[in-house]
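What follows is data15.cif (mmCIF, N, CA and C atoms and all ligand atoms).
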```cif
data_upload
loop_
_atom_site.label_atom_id
_atom_site.label_comp_id
_atom_site.auth_asym_id
_atom_site.auth_seq_id
_atom_site.Cartn_x
_atom_site.Cartn_y
_atom_site.Cartn_z
N MET A 20 9.80 11.57 -3.28
CA MET A 20 9.60 12.96 -2.81
C MET A 20 10.95 13.63 -2.64
N LYS A 21 11.16 14.71 -3.38
CA LYS A 21 12.44 15.39 -3.32
C LYS A 21 12.46 16.40 -2.18
N LEU A 22 13.65 16.57 -1.63
CA LEU A 22 13.81 17.50 -0.51
C LEU A 22 13.32 18.90 -0.89
N LYS A 23 13.61 19.31 -2.11
CA LYS A 23 13.19 20.63 -2.57
C LYS A 23 11.68 20.78 -2.50
N THR A 24 10.99 19.71 -2.88
CA THR A 24 9.53 19.74 -2.86
C THR A 24 9.04 19.81 -1.43
N ILE A 25 9.67 19.05 -0.57
CA ILE A 25 9.24 19.03 0.82
C ILE A 25 9.42 20.39 1.47
N ASN A 26 10.48 21.08 1.09
CA ASN A 26 10.71 22.40 1.67
C ASN A 26 9.61 23.39 1.35
N LYS A 27 8.85 23.10 0.29
CA LYS A 27 7.77 24.01 -0.09
C LYS A 27 6.46 23.67 0.63
N LEU A 28 6.43 22.53 1.29
CA LEU A 28 5.20 22.12 1.93
C LEU A 28 5.00 22.87 3.25
N CYS A 29 3.74 23.07 3.60
CA CYS A 29 3.44 23.60 4.92
C CYS A 29 2.29 22.79 5.50
N CYS A 30 2.06 22.99 6.77
CA CYS A 30 1.02 22.23 7.46
C CYS A 30 -0.34 22.55 6.84
N PRO A 31 -1.11 21.53 6.45
CA PRO A 31 -2.44 21.78 5.86
C PRO A 31 -3.43 22.35 6.87
N PHE A 32 -3.10 22.22 8.15
CA PHE A 32 -4.02 22.68 9.19
C PHE A 32 -3.85 24.17 9.46
N ASP A 33 -2.60 24.60 9.61
CA ASP A 33 -2.37 26.01 9.99
C ASP A 33 -1.34 26.73 9.11
N LYS A 34 -0.89 26.05 8.05
CA LYS A 34 0.05 26.64 7.08
C LYS A 34 1.40 27.01 7.69
N GLN A 35 1.73 26.41 8.81
CA GLN A 35 3.02 26.70 9.43
C GLN A 35 4.11 25.81 8.85
N ASP A 36 5.34 26.15 9.18
CA ASP A 36 6.48 25.38 8.66
C ASP A 36 6.51 23.98 9.24
N LEU A 37 7.09 23.08 8.44
CA LEU A 37 7.24 21.70 8.88
C LEU A 37 8.73 21.38 9.04
N THR A 38 9.04 20.57 10.02
CA THR A 38 10.40 20.06 10.13
C THR A 38 10.39 18.61 9.64
N LEU A 39 11.51 18.20 9.07
CA LEU A 39 11.59 16.89 8.43
C LEU A 39 12.59 16.01 9.16
N GLN A 40 12.16 14.80 9.42
CA GLN A 40 13.05 13.76 9.94
C GLN A 40 13.06 12.65 8.89
N VAL A 41 14.23 12.37 8.32
CA VAL A 41 14.33 11.40 7.23
C VAL A 41 14.76 10.05 7.79
N PHE A 42 14.08 8.99 7.37
CA PHE A 42 14.47 7.63 7.77
C PHE A 42 15.11 6.88 6.61
N VAL A 43 14.53 6.99 5.43
CA VAL A 43 15.04 6.24 4.27
C VAL A 43 15.11 7.16 3.06
N LYS A 44 16.28 7.18 2.42
CA LYS A 44 16.45 7.91 1.16
C LYS A 44 16.87 6.92 0.09
N ASP A 45 16.55 7.22 -1.18
CA ASP A 45 17.07 6.39 -2.25
C ASP A 45 18.39 6.98 -2.75
N THR A 46 18.94 6.36 -3.79
CA THR A 46 20.27 6.78 -4.26
C THR A 46 20.25 8.17 -4.87
N GLU A 47 19.07 8.65 -5.26
CA GLU A 47 18.98 10.00 -5.82
C GLU A 47 18.55 11.01 -4.78
N GLN A 48 18.68 10.63 -3.53
CA GLN A 48 18.37 11.53 -2.40
C GLN A 48 16.89 11.88 -2.31
N ASN A 49 16.05 11.10 -2.98
CA ASN A 49 14.62 11.26 -2.76
C ASN A 49 14.28 10.67 -1.39
N ILE A 50 13.37 11.33 -0.71
CA ILE A 50 12.99 10.84 0.61
C ILE A 50 11.88 9.81 0.45
N ILE A 51 12.15 8.61 0.92
CA ILE A 51 11.21 7.51 0.77
C ILE A 51 10.37 7.36 2.03
N GLU A 52 11.03 7.47 3.17
CA GLU A 52 10.30 7.38 4.43
C GLU A 52 10.82 8.46 5.38
N GLY A 53 9.89 9.06 6.07
CA GLY A 53 10.26 10.09 7.02
C GLY A 53 9.02 10.65 7.69
N ILE A 54 9.24 11.66 8.51
CA ILE A 54 8.11 12.29 9.19
C ILE A 54 8.26 13.80 9.09
N LEU A 55 7.18 14.44 8.69
CA LEU A 55 7.10 15.89 8.72
C LEU A 55 6.35 16.29 9.98
N SER A 56 6.91 17.24 10.73
CA SER A 56 6.27 17.67 11.97
C SER A 56 5.97 19.16 11.88
N CYS A 57 4.75 19.52 12.24
CA CYS A 57 4.39 20.93 12.28
C CYS A 57 4.92 21.54 13.56
N THR A 58 5.58 22.70 13.40
CA THR A 58 6.16 23.34 14.57
C THR A 58 5.10 24.03 15.42
N ALA A 59 3.94 24.30 14.83
CA ALA A 59 2.91 25.04 15.55
C ALA A 59 1.89 24.12 16.24
N CYS A 60 1.26 23.23 15.46
CA CYS A 60 0.17 22.44 16.03
C CYS A 60 0.63 21.04 16.43
N LEU A 61 1.88 20.69 16.13
CA LEU A 61 2.50 19.43 16.53
C LEU A 61 1.92 18.21 15.82
N ARG A 62 1.15 18.44 14.76
CA ARG A 62 0.72 17.29 13.95
C ARG A 62 1.93 16.67 13.25
N LYS A 63 1.83 15.36 13.04
CA LYS A 63 2.90 14.65 12.34
C LYS A 63 2.33 14.08 11.05
N TYR A 64 3.12 14.23 9.98
CA TYR A 64 2.71 13.72 8.67
C TYR A 64 3.75 12.73 8.17
N PRO A 65 3.42 11.45 8.19
CA PRO A 65 4.39 10.45 7.73
C PRO A 65 4.60 10.54 6.21
N ILE A 66 5.82 10.26 5.79
CA ILE A 66 6.12 10.08 4.36
C ILE A 66 6.30 8.59 4.15
N VAL A 67 5.45 8.01 3.31
CA VAL A 67 5.45 6.57 3.09
C VAL A 67 5.56 6.31 1.60
N TYR A 68 6.50 5.46 1.22
CA TYR A 68 6.77 5.19 -0.20
C TYR A 68 6.96 6.49 -0.97
N GLY A 69 7.60 7.46 -0.36
CA GLY A 69 7.89 8.72 -1.04
C GLY A 69 6.74 9.69 -1.11
N VAL A 70 5.63 9.36 -0.46
CA VAL A 70 4.44 10.22 -0.53
C VAL A 70 4.09 10.73 0.87
N PRO A 71 4.08 12.04 1.05
CA PRO A 71 3.67 12.56 2.35
C PRO A 71 2.16 12.45 2.54
N ILE A 72 1.77 11.95 3.69
CA ILE A 72 0.34 11.82 4.01
C ILE A 72 -0.07 13.09 4.73
N MET A 73 -0.68 14.00 3.97
CA MET A 73 -0.98 15.32 4.52
C MET A 73 -2.45 15.66 4.34
N SER A 74 -3.31 14.78 4.81
CA SER A 74 -4.74 15.04 4.72
C SER A 74 -5.20 15.81 5.95
N PRO A 75 -6.31 16.53 5.81
CA PRO A 75 -6.91 17.12 7.01
C PRO A 75 -7.30 16.03 8.00
N ASP A 76 -7.40 16.42 9.27
CA ASP A 76 -7.65 15.45 10.33
C ASP A 76 -8.74 14.44 10.01
N GLU A 77 -9.86 14.93 9.48
CA GLU A 77 -11.01 14.04 9.28
C GLU A 77 -10.76 12.99 8.20
N TYR A 78 -9.73 13.21 7.38
CA TYR A 78 -9.43 12.23 6.34
C TYR A 78 -8.18 11.41 6.66
N ARG A 79 -7.59 11.69 7.80
CA ARG A 79 -6.42 10.90 8.18
C ARG A 79 -6.87 9.49 8.54
N GLN A 80 -6.03 8.51 8.18
CA GLN A 80 -6.35 7.14 8.54
C GLN A 80 -5.30 6.68 9.54
N ILE A 81 -5.52 7.14 10.77
CA ILE A 81 -4.53 6.90 11.82
C ILE A 81 -4.32 5.41 12.02
N LYS A 82 -5.38 4.63 11.85
CA LYS A 82 -5.25 3.18 12.03
C LYS A 82 -4.27 2.58 11.03
N LEU A 83 -4.20 3.18 9.84
CA LEU A 83 -3.24 2.70 8.84
C LEU A 83 -1.85 3.30 9.06
N GLU A 84 -1.82 4.52 9.57
CA GLU A 84 -0.54 5.19 9.76
C GLU A 84 0.20 4.64 10.98
N GLN A 85 -0.56 4.28 11.99
CA GLN A 85 0.05 3.91 13.25
C GLN A 85 0.99 2.69 13.14
N PRO A 86 0.60 1.65 12.39
CA PRO A 86 1.52 0.50 12.27
C PRO A 86 2.85 0.89 11.62
N ILE A 87 2.82 1.86 10.70
CA ILE A 87 4.06 2.32 10.08
C ILE A 87 4.94 3.00 11.11
N VAL A 88 4.30 3.82 11.94
CA VAL A 88 5.03 4.51 13.00
C VAL A 88 5.62 3.51 13.99
N GLU A 89 4.85 2.47 14.29
CA GLU A 89 5.35 1.44 15.21
C GLU A 89 6.61 0.77 14.64
N ARG A 90 6.60 0.54 13.34
CA ARG A 90 7.77 -0.07 12.70
C ARG A 90 8.96 0.88 12.76
N TRP A 91 8.72 2.16 12.52
CA TRP A 91 9.80 3.14 12.57
C TRP A 91 10.38 3.23 13.98
N LYS A 92 9.51 3.12 14.97
CA LYS A 92 9.99 3.18 16.35
C LYS A 92 11.01 2.09 16.59
N ILE A 93 10.74 0.91 16.02
CA ILE A 93 11.65 -0.22 16.20
C ILE A 93 12.87 -0.07 15.30
N ASP A 94 12.64 0.21 14.02
CA ASP A 94 13.74 0.25 13.05
C ASP A 94 14.69 1.42 13.28
N HIS A 95 14.16 2.55 13.72
CA HIS A 95 14.96 3.77 13.77
C HIS A 95 15.14 4.30 15.19
N GLY A 96 14.60 3.58 16.15
CA GLY A 96 14.79 3.98 17.54
C GLY A 96 14.22 5.34 17.88
N ILE A 97 13.14 5.72 17.21
CA ILE A 97 12.55 7.01 17.51
C ILE A 97 11.61 6.89 18.70
N GLU A 98 11.33 8.02 19.30
CA GLU A 98 10.43 8.03 20.44
C GLU A 98 8.99 7.92 19.97
N ASP A 99 8.14 7.70 20.91
CA ASP A 99 6.73 7.55 20.59
C ASP A 99 6.25 8.80 19.85
N ILE A 100 5.47 8.59 18.82
CA ILE A 100 4.99 9.68 17.99
C ILE A 100 3.48 9.75 18.11
N ARG A 101 3.01 10.93 18.44
CA ARG A 101 1.57 11.15 18.41
C ARG A 101 1.26 11.86 17.10
N LEU A 102 0.50 11.21 16.24
CA LEU A 102 0.27 11.74 14.90
C LEU A 102 -0.59 13.00 14.93
N LEU A 103 -1.56 13.03 15.83
CA LEU A 103 -2.41 14.19 15.97
C LEU A 103 -2.23 14.75 17.38
N PRO A 104 -2.41 16.04 17.55
CA PRO A 104 -2.19 16.63 18.87
C PRO A 104 -3.19 16.15 19.92
N THR A 105 -4.38 15.77 19.49
CA THR A 105 -5.33 15.18 20.42
C THR A 105 -5.52 13.72 20.04
N VAL A 106 -5.76 12.89 21.03
CA VAL A 106 -5.91 11.47 20.75
C VAL A 106 -7.23 11.24 20.02
N THR A 107 -7.12 10.60 18.88
CA THR A 107 -8.32 10.30 18.09
C THR A 107 -8.45 8.78 18.00
N GLU A 108 -9.47 8.27 18.58
CA GLU A 108 -9.70 6.82 18.52
C GLU A 108 -10.71 6.52 17.44
N GLY A 109 -10.51 5.44 16.73
CA GLY A 109 -11.44 5.02 15.71
C GLY A 109 -11.06 5.61 14.37
ZN ZN A 201 0.20 22.63 11.95
#
```

Is it possible to give me this structure as structure tokens?
Amino acid sequence: MKLKTINKLCCPFDKQDLTLQVFVKDTEQNIIEGILSCTACLRKYPIVYGVPIMSPDEYRQIKLEQPIVERWKIDHGIEDIRLLPTVTEG
């Protein structure tokens, strides 16, 4: 995922701007791992293997995303991340 492409993305929920936190880049400056955060609704969209996970809430697989976030918390010393603004169990 190239930075230029990411700059064109907006939140699928409210179309607001996203801020990017990069964890891993490759030698061509493609973003391999990172988090996109919506400035308006505070949803977080992980970038995994260069692919941003930007599904609507009902299609998000938080159970699959959460272990990645847990690893990032350890590897990159980031603070706890709530992927959705409201807690969604299951
Ligand atoms: Zn949003």

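Excluding stretch 20-33 of chain A and any residue on its chain fewer than 3 positions from it, the residues at most 6 Å away by all atoms listed in the file are A:Asp36, A:Leu37, A:Gln48, A:Asn49, A:Ile50, A:Ile51, A:Gly69, A:Val70.
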
Create the file for the chosen residues now, containing N, CA and C atoms and written as an mmCIF file, in the frame of the given file.
```
data_model
loop_
_atom_site.group_PDB
_atom_site.id
_atom_site.type_symbol
_atom_site.label_atom_id
_atom_site.label_comp_id
_atom_site.auth_asym_id
_atom_site.auth_seq_id
_atom_site.Cartn_x
_atom_site.Cartn_y
_atom_site.Cartn_z
ATOM 1 N N ASP A 36 5.340 26.150 9.180
ATOM 2 C CA ASP A 36 6.480 25.380 8.660
ATOM 3 C C ASP A 36 6.510 23.980 9.240
ATOM 4 N N LEU A 37 7.090 23.080 8.440
ATOM 5 C CA LEU A 37 7.240 21.700 8.880
ATOM 6 C C LEU A 37 8.730 21.380 9.040
ATOM 7 N N GLN A 48 18.680 10.630 -3.530
ATOM 8 C CA GLN A 48 18.370 11.530 -2.400
ATOM 9 C C GLN A 48 16.890 11.880 -2.310
ATOM 10 N N ASN A 49 16.050 11.100 -2.980
ATOM 11 C CA ASN A 49 14.620 11.260 -2.760
ATOM 12 C C ASN A 49 14.280 10.670 -1.390
ATOM 13 N N ILE A 50 13.370 11.330 -0.710
ATOM 14 C CA ILE A 50 12.990 10.840 0.610
ATOM 15 C C ILE A 50 11.880 9.810 0.450
ATOM 16 N N ILE A 51 12.150 8.610 0.920
ATOM 17 C CA ILE A 51 11.210 7.510 0.770
ATOM 18 C C ILE A 51 10.370 7.360 2.030
ATOM 19 N N GLY A 69 7.600 7.460 -0.360
ATOM 20 C CA GLY A 69 7.890 8.720 -1.040
ATOM 21 C C GLY A 69 6.740 9.690 -1.110
ATOM 22 N N VAL A 70 5.630 9.360 -0.460
ATOM 23 C CA VAL A 70 4.440 10.220 -0.530
ATOM 24 C C VAL A 70 4.090 10.730 0.870
#
```

| Would you give me, as a PyMOL selection string, the residues in chain A that DSSP reads as helix (DSSP H, G or I)? | chain A and resi 22-26+76-78+81-95

| d(atom CA of A:Ile54, atom CA of A:Glu89) in Å | 12.7 Å

| task | From chain A, collect each residue whose DSSP state is strand (DSSP E) and return the set as a list in words. | result | Leu37, Thr38, Leu39, Gln40, Val41, Phe42, Val43, Lys44, Ile50, Ile51, Glu52, Gly53, Ile54, Leu55, Ser56, Cys57, Lys63, Tyr64, Pro65, Ile66, Val67, Val70 and Pro71 of chain A

| request: Show me which residues sit within 12 Å of ligand ZN 201 (chain A) when counting only C-alpha atoms and all ligand atoms, and put them as number ranges by chain. | output: A: 28-38, 55-64, 73-76, 102-104

| field | Interatomic distance (Å, one decimal) between atom CA of A:Glu77 and atom CA of A:Thr105 | value |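 Here the two named atoms are 12.6 Å from each other.
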
| remark: Correct to one decimal, the distance atom N of A:Leu39-atom C of A:Ile66 is 12.0 Å

| Which residues come within 6 Å of A:Pro65, counting only C-alpha atoms, excluding same-chain residues fewer than 3 positions away, as a PyMOL selection string? | chain A and resi 53-54+71-72

Student task, stretch 40-108 of chain A output with C-alpha atoms as an mmCIF file, in the first residue's frame:
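Contents of part-v1.cif, as written:
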```
data_model
loop_
_atom_site.group_PDB
_atom_site.id
_atom_site.type_symbol
_atom_site.label_atom_id
_atom_site.label_comp_id
_atom_site.auth_asym_id
_atom_site.auth_seq_id
_atom_site.Cartn_x
_atom_site.Cartn_y
_atom_site.Cartn_z
ATOM 1 C CA GLN A 40 0.530 5.640 11.960
ATOM 2 C CA VAL A 41 3.146 3.516 10.174
ATOM 3 C CA PHE A 42 4.786 0.531 11.874
ATOM 4 C CA VAL A 43 6.487 -1.314 9.008
ATOM 5 C CA LYS A 44 7.558 -0.077 5.576
ATOM 6 C CA ASP A 45 9.344 -1.977 2.835
ATOM 7 C CA THR A 46 12.362 -0.709 0.911
ATOM 8 C CA GLU A 47 10.105 1.010 -1.624
ATOM 9 C CA GLN A 48 8.320 2.931 1.121
ATOM 10 C CA ASN A 49 5.168 0.889 0.748
ATOM 11 C CA ILE A 50 3.329 0.669 4.021
ATOM 12 C CA ILE A 51 3.147 -2.927 5.162
ATOM 13 C CA GLU A 52 1.770 -2.484 8.651
ATOM 14 C CA GLY A 53 0.130 0.477 10.259
ATOM 15 C CA ILE A 54 -3.091 1.928 11.556
ATOM 16 C CA LEU A 55 -5.456 4.389 9.940
ATOM 17 C CA SER A 56 -7.512 6.377 12.447
ATOM 18 C CA CYS A 57 -10.626 8.352 11.653
ATOM 19 C CA THR A 58 -10.482 11.822 13.127
ATOM 20 C CA ALA A 59 -14.262 12.022 13.424
ATOM 21 C CA CYS A 60 -15.664 8.684 14.602
ATOM 22 C CA LEU A 61 -12.395 7.339 16.098
ATOM 23 C CA ARG A 62 -12.613 4.026 14.264
ATOM 24 C CA LYS A 63 -9.272 2.363 13.635
ATOM 25 C CA TYR A 64 -8.411 0.515 10.443
ATOM 26 C CA PRO A 65 -5.358 -1.734 10.623
ATOM 27 C CA ILE A 66 -3.086 -2.141 7.598
ATOM 28 C CA VAL A 67 -1.962 -5.761 7.473
ATOM 29 C CA TYR A 68 0.367 -7.189 4.828
ATOM 30 C CA GLY A 69 -0.005 -3.913 2.958
ATOM 31 C CA VAL A 70 -3.794 -4.087 2.866
ATOM 32 C CA PRO A 71 -5.976 -1.693 4.836
ATOM 33 C CA ILE A 72 -8.899 -3.417 6.533
ATOM 34 C CA MET A 73 -11.658 -0.929 5.880
ATOM 35 C CA SER A 74 -14.905 -2.844 6.036
ATOM 36 C CA PRO A 75 -18.119 -1.470 7.485
ATOM 37 C CA ASP A 76 -18.623 -2.346 11.144
ATOM 38 C CA GLU A 77 -20.825 -5.366 10.483
ATOM 39 C CA TYR A 78 -18.138 -6.950 8.309
ATOM 40 C CA ARG A 79 -15.214 -6.208 10.566
ATOM 41 C CA GLN A 80 -13.607 -9.263 12.095
ATOM 42 C CA ILE A 81 -12.453 -7.760 15.337
ATOM 43 C CA LYS A 82 -11.538 -11.193 16.680
ATOM 44 C CA LEU A 83 -9.001 -11.517 13.870
ATOM 45 C CA GLU A 84 -7.821 -7.921 14.045
ATOM 46 C CA GLN A 85 -7.350 -7.809 17.783
ATOM 47 C CA PRO A 86 -4.418 -10.277 17.960
ATOM 48 C CA ILE A 87 -2.570 -8.146 15.392
ATOM 49 C CA VAL A 88 -3.147 -5.070 17.509
ATOM 50 C CA GLU A 89 -1.930 -6.947 20.583
ATOM 51 C CA ARG A 90 1.293 -7.777 18.751
ATOM 52 C CA TRP A 91 1.739 -4.151 17.687
ATOM 53 C CA LYS A 92 1.244 -3.031 21.268
ATOM 54 C CA ILE A 93 4.203 -5.192 22.246
ATOM 55 C CA ASP A 94 6.392 -4.659 19.175
ATOM 56 C CA HIS A 95 5.847 -0.924 18.790
ATOM 57 C CA GLY A 96 4.960 0.167 22.299
ATOM 58 C CA ILE A 97 1.673 1.701 21.250
ATOM 59 C CA GLU A 98 -1.140 2.362 23.642
ATOM 60 C CA ASP A 99 -4.248 0.295 23.811
ATOM 61 C CA ILE A 100 -6.259 0.611 20.625
ATOM 62 C CA ARG A 101 -9.987 0.391 20.448
ATOM 63 C CA LEU A 102 -10.794 -0.635 16.896
ATOM 64 C CA LEU A 103 -14.404 0.491 17.055
ATOM 65 C CA PRO A 104 -15.754 3.431 19.049
ATOM 66 C CA THR A 105 -18.185 1.169 20.872
ATOM 67 C CA VAL A 106 -17.167 -2.161 22.335
ATOM 68 C CA THR A 107 -18.346 -4.965 20.099
ATOM 69 C CA GLU A 108 -18.153 -8.436 21.557
#
```
